[in-house]
Amino acid sequence: MAMRRSFPTVLSDRLPETRDFYVALLGFEVAFDSDWYVALTRTDGDEVHELAIWAVGHELVPPPYRADPAGVILTFLVDDVDSVHAEARRLRLPLVAPPRDLFHGRRQMLVTDPNGMLVEISSPSTPSPAFAAELGRRGRAPETTG
């Protein structure tokens, strides 16, 4: 089996607000926009990133799954989380946690999208010595680029 694409799909009862959130904060562009489905894309060099937004109440969504998101974190790895944080503050988005350096080598901020989905935005940073040593024992190098 060959996989051709994969991308996350956010269920939403606020399609325009959700679309605008990801466009404004992370620079996605609208590839398709309807009253039940929005396709977003972003191209960085050879990398193509996709995100879909699907109307939570649409008939194609099985009734048991027409609920607020739970147990999911949508993660985006960027070059400069601090600039994204500055933009989030400028846009007055609901910030859960400001940028902070984590032991595993990520500088992370948390925000929620219009649906209450937890969104992690992070950049590579220096891991703690203990975590770097653990990576070394496992034959892996710390991540230094996106």
# chains A, B, ... in the order shown; residues from 1 in each chain; ligands from 1
>>> select_by_dssp(residues="chain A", states="helix (DSSP H, G or I)", output="ChimeraX atom specification")
/A:15-26,63-65,81-90,129-137
>>> write_last_selection(atoms="N, CA, C and O atoms", output="compact mmCIF listing (two decimals), in the first residue's frame")
# COMPACT_ATOMS: atom_id res chain seq x y z
N LEU A 15 -17.08 27.21 10.94
CA LEU A 15 -16.17 27.10 9.81
C LEU A 15 -15.46 28.42 9.47
O LEU A 15 -14.24 28.42 9.36
N PRO A 16 -16.17 29.53 9.28
CA PRO A 16 -15.45 30.77 8.92
C PRO A 16 -14.43 31.20 9.97
O PRO A 16 -13.31 31.58 9.63
N GLU A 17 -14.80 31.12 11.26
CA GLU A 17 -13.88 31.53 12.31
C GLU A 17 -12.67 30.60 12.39
O GLU A 17 -11.54 31.04 12.60
N THR A 18 -12.91 29.31 12.20
CA THR A 18 -11.82 28.33 12.24
C THR A 18 -10.88 28.55 11.06
O THR A 18 -9.66 28.55 11.20
N ARG A 19 -11.44 28.72 9.87
CA ARG A 19 -10.64 29.01 8.68
C ARG A 19 -9.78 30.25 8.92
O ARG A 19 -8.56 30.22 8.70
N ASP A 20 -10.40 31.32 9.39
CA ASP A 20 -9.67 32.58 9.60
C ASP A 20 -8.59 32.45 10.67
O ASP A 20 -7.54 33.08 10.57
N PHE A 21 -8.82 31.64 11.69
CA PHE A 21 -7.83 31.40 12.74
C PHE A 21 -6.55 30.83 12.16
O PHE A 21 -5.46 31.34 12.38
N TYR A 22 -6.65 29.75 11.38
CA TYR A 22 -5.47 29.09 10.83
C TYR A 22 -4.81 29.91 9.72
O TYR A 22 -3.59 29.88 9.56
N VAL A 23 -5.59 30.67 8.97
CA VAL A 23 -5.04 31.55 7.95
C VAL A 23 -4.25 32.68 8.61
O VAL A 23 -3.10 32.95 8.24
N ALA A 24 -4.84 33.33 9.60
CA ALA A 24 -4.19 34.48 10.24
C ALA A 24 -2.98 34.09 11.07
O ALA A 24 -1.94 34.76 11.02
N LEU A 25 -3.09 33.00 11.84
CA LEU A 25 -2.02 32.65 12.76
C LEU A 25 -0.88 31.91 12.08
O LEU A 25 0.29 32.17 12.38
N LEU A 26 -1.18 31.01 11.17
CA LEU A 26 -0.14 30.14 10.61
C LEU A 26 0.07 30.30 9.11
O LEU A 26 0.86 29.57 8.52
N PRO A 63 -23.30 10.71 13.78
CA PRO A 63 -23.82 11.42 14.96
C PRO A 63 -23.00 11.27 16.25
O PRO A 63 -22.82 12.26 16.95
N PRO A 64 -22.46 10.09 16.57
CA PRO A 64 -21.70 10.01 17.83
C PRO A 64 -20.44 10.90 17.85
O PRO A 64 -19.88 11.14 18.90
N TYR A 65 -20.00 11.37 16.68
CA TYR A 65 -18.76 12.16 16.60
C TYR A 65 -19.03 13.64 16.42
O TYR A 65 -18.10 14.42 16.20
N VAL A 81 8.66 30.07 17.10
CA VAL A 81 7.42 30.09 17.89
C VAL A 81 7.18 31.46 18.53
O VAL A 81 6.04 31.86 18.71
N ASP A 82 8.24 32.18 18.82
CA ASP A 82 8.05 33.49 19.46
C ASP A 82 7.37 34.49 18.52
O ASP A 82 6.56 35.30 18.98
N SER A 83 7.64 34.42 17.23
CA SER A 83 6.95 35.31 16.30
C SER A 83 5.48 34.92 16.16
O SER A 83 4.61 35.78 16.02
N VAL A 84 5.19 33.62 16.21
CA VAL A 84 3.80 33.17 16.17
C VAL A 84 3.08 33.62 17.44
O VAL A 84 1.93 34.06 17.40
N HIS A 85 3.77 33.56 18.57
CA HIS A 85 3.19 34.03 19.83
C HIS A 85 2.86 35.51 19.74
O HIS A 85 1.78 35.95 20.18
N ALA A 86 3.77 36.29 19.18
CA ALA A 86 3.52 37.74 19.03
C ALA A 86 2.28 37.97 18.16
O ALA A 86 1.45 38.84 18.46
N GLU A 87 2.14 37.19 17.10
CA GLU A 87 0.96 37.32 16.23
C GLU A 87 -0.30 36.89 16.96
O GLU A 87 -1.35 37.53 16.84
N ALA A 88 -0.24 35.83 17.73
CA ALA A 88 -1.40 35.38 18.51
C ALA A 88 -1.84 36.45 19.50
O ALA A 88 -3.04 36.69 19.66
N ARG A 89 -0.87 37.09 20.13
CA ARG A 89 -1.22 38.18 21.06
C ARG A 89 -1.84 39.36 20.32
O ARG A 89 -2.81 39.95 20.78
N ARG A 90 -1.27 39.69 19.15
CA ARG A 90 -1.80 40.80 18.35
C ARG A 90 -3.25 40.51 17.94
O ARG A 90 -4.11 41.40 17.96
N PRO A 129 20.22 18.19 29.33
CA PRO A 129 21.33 17.23 29.23
C PRO A 129 20.86 15.78 29.43
O PRO A 129 21.31 14.88 28.73
N ALA A 130 19.94 15.56 30.35
CA ALA A 130 19.46 14.19 30.60
C ALA A 130 18.71 13.65 29.39
O ALA A 130 18.88 12.48 29.02
N PHE A 131 17.88 14.48 28.76
CA PHE A 131 17.14 14.00 27.60
C PHE A 131 18.08 13.80 26.42
O PHE A 131 17.94 12.83 25.67
N ALA A 132 19.05 14.69 26.23
CA ALA A 132 20.04 14.52 25.16
C ALA A 132 20.81 13.22 25.35
O ALA A 132 21.08 12.50 24.39
N ALA A 133 21.15 12.91 26.60
CA ALA A 133 21.86 11.66 26.88
C ALA A 133 20.98 10.46 26.55
O ALA A 133 21.45 9.46 25.98
N GLU A 134 19.69 10.54 26.89
CA GLU A 134 18.76 9.46 26.56
C GLU A 134 18.66 9.27 25.05
O GLU A 134 18.66 8.13 24.56
N LEU A 135 18.57 10.36 24.31
CA LEU A 135 18.55 10.26 22.86
C LEU A 135 19.81 9.58 22.35
O LEU A 135 19.76 8.72 21.47
N GLY A 136 20.96 9.97 22.91
CA GLY A 136 22.23 9.37 22.52
C GLY A 136 22.25 7.87 22.77
O GLY A 136 22.74 7.10 21.93
N ARG A 137 21.72 7.45 23.92
CA ARG A 137 21.66 6.02 24.22
C ARG A 137 20.79 5.27 23.23
O ARG A 137 20.99 4.09 22.98
>>> residues_around(residues="Glu143 (chain A)", least_positions_apart="4", cutoff="9 Å", atoms="only C-alpha atoms", output="PyMOL selection string")
chain A and resi 105-106+124-127
>>> write_last_selection(atoms="N, CA and C atoms", output="mmCIF file, in the first residue's frame")
data_model
loop_
_atom_site.group_PDB
_atom_site.id
_atom_site.type_symbol
_atom_site.label_atom_id
_atom_site.label_comp_id
_atom_site.auth_asym_id
_atom_site.auth_seq_id
_atom_site.Cartn_x
_atom_site.Cartn_y
_atom_site.Cartn_z
ATOM 1 N N GLY A 105 13.540 19.404 24.089
ATOM 2 C CA GLY A 105 14.112 20.135 22.971
ATOM 3 C C GLY A 105 13.107 20.837 22.089
ATOM 4 N N ARG A 106 12.063 21.310 22.693
ATOM 5 C CA ARG A 106 11.079 22.118 21.973
ATOM 6 C C ARG A 106 10.769 23.368 22.780
ATOM 7 N N PRO A 124 12.191 23.872 17.424
ATOM 8 C CA PRO A 124 13.274 23.125 18.063
ATOM 9 C C PRO A 124 14.066 24.031 19.016
ATOM 10 N N SER A 125 14.506 23.459 20.130
ATOM 11 C CA SER A 125 15.358 24.165 21.084
ATOM 12 C C SER A 125 16.345 23.145 21.658
ATOM 13 N N THR A 126 17.118 23.565 22.604
ATOM 14 C CA THR A 126 18.129 22.687 23.192
ATOM 15 C C THR A 126 17.491 21.788 24.247
ATOM 16 N N PRO A 127 17.624 20.469 24.091
ATOM 17 C CA PRO A 127 17.055 19.578 25.109
ATOM 18 C C PRO A 127 17.892 19.607 26.386
#
>>> residues_around(residues="Leu51 (chain A)", least_positions_apart="3", cutoff="6 Å", atoms="only C-alpha atoms", output="list of chain:residue names")
A:Phe7, A:Pro8, A:Leu40
>>> write_last_selection(atoms="all heavy atoms", output="PDB file, in the first residue's frame")
ATOM      1  N   PHE A   7      -3.543  14.275   6.184  1.00  0.00           N
ATOM      2  CA  PHE A   7      -3.727  15.616   6.745  1.00  0.00           C
ATOM      3  C   PHE A   7      -4.791  15.539   7.831  1.00  0.00           C
ATOM      4  O   PHE A   7      -5.702  14.715   7.770  1.00  0.00           O
ATOM      5  CB  PHE A   7      -4.114  16.639   5.665  1.00  0.00           C
ATOM      6  CG  PHE A   7      -5.309  16.259   4.842  1.00  0.00           C
ATOM      7  CD1 PHE A   7      -6.601  16.604   5.225  1.00  0.00           C
ATOM      8  CD2 PHE A   7      -5.153  15.545   3.663  1.00  0.00           C
ATOM      9  CE1 PHE A   7      -7.692  16.256   4.461  1.00  0.00           C
ATOM     10  CE2 PHE A   7      -6.243  15.189   2.890  1.00  0.00           C
ATOM     11  CZ  PHE A   7      -7.516  15.545   3.286  1.00  0.00           C
ATOM     12  N   PRO A   8      -4.673  16.405   8.826  1.00  0.00           N
ATOM     13  CA  PRO A   8      -5.699  16.433   9.868  1.00  0.00           C
ATOM     14  C   PRO A   8      -6.946  17.166   9.378  1.00  0.00           C
ATOM     15  O   PRO A   8      -6.868  18.057   8.533  1.00  0.00           O
ATOM     16  CB  PRO A   8      -5.033  17.203  11.013  1.00  0.00           C
ATOM     17  CG  PRO A   8      -3.994  18.038  10.345  1.00  0.00           C
ATOM     18  CD  PRO A   8      -3.562  17.300   9.114  1.00  0.00           C
ATOM     19  N   LEU A  40      -7.376  23.931   3.514  1.00  0.00           N
ATOM     20  CA  LEU A  40      -6.311  24.926   3.648  1.00  0.00           C
ATOM     21  C   LEU A  40      -4.989  24.299   3.238  1.00  0.00           C
ATOM     22  O   LEU A  40      -4.756  23.111   3.501  1.00  0.00           O
ATOM     23  CB  LEU A  40      -6.216  25.409   5.096  1.00  0.00           C
ATOM     24  CG  LEU A  40      -7.476  26.027   5.692  1.00  0.00           C
ATOM     25  CD1 LEU A  40      -7.250  26.372   7.158  1.00  0.00           C
ATOM     26  CD2 LEU A  40      -7.902  27.256   4.907  1.00  0.00           C
TER      27      LEU A  40
END
>>> closest_residue(among="A:Val78, A:Leu93, A:Val30, A:Ala2", to="Ser122 (chain A)", atoms="only C-alpha atoms")
A:Val78
>>> atom_distance(atom1="CA of Val72 (chain A)", atom2="CA of Gly45 (chain A)")
28.2 Å
>>> closest_residue(among="A:Val119, A:Leu11, A:Thr41, A:Arg100", to="Pro62 (chain A)", atoms="only C-alpha atoms")
A:Leu11
>>> closest_residue(among="A:Asp44, A:Trp36, A:Arg14, A:Arg138", to="Asp79 (chain A)", atoms="only C-alpha atoms")
A:Asp44
>>> closest_residue(among="A:Val56, A:Ser123, A:His49, A:Leu77", to="Asp101 (chain A)", atoms="only C-alpha atoms")
A:Ser123
>>> closest_residue(among="A:Ser12, A:Ala67, A:Trp54, A:Ser6", to="Phe32 (chain A)", atoms="only C-alpha atoms")
A:Trp54
>>> atom_distance(atom1="CA of Pro99 (chain A)", atom2="CA of Ile121 (chain A)")
8.7 Å
>>> atom_distance(atom1="CA of Glu47 (chain A)", atom2="CA of Asp13 (chain A)")
29.3 Å
>>> select_by_dssp(residues="region 22-87 of chain A", states="strand (DSSP E or B)", output="ChimeraX atom specification")
/A:29-33,37-44,47-55,73-77
>>> closest_residue(among="A:Asn115, A:Gln108, A:Asp68, A:Phe76", to="Pro94 (chain A)", atoms="only C-alpha atoms")
A:Asn115
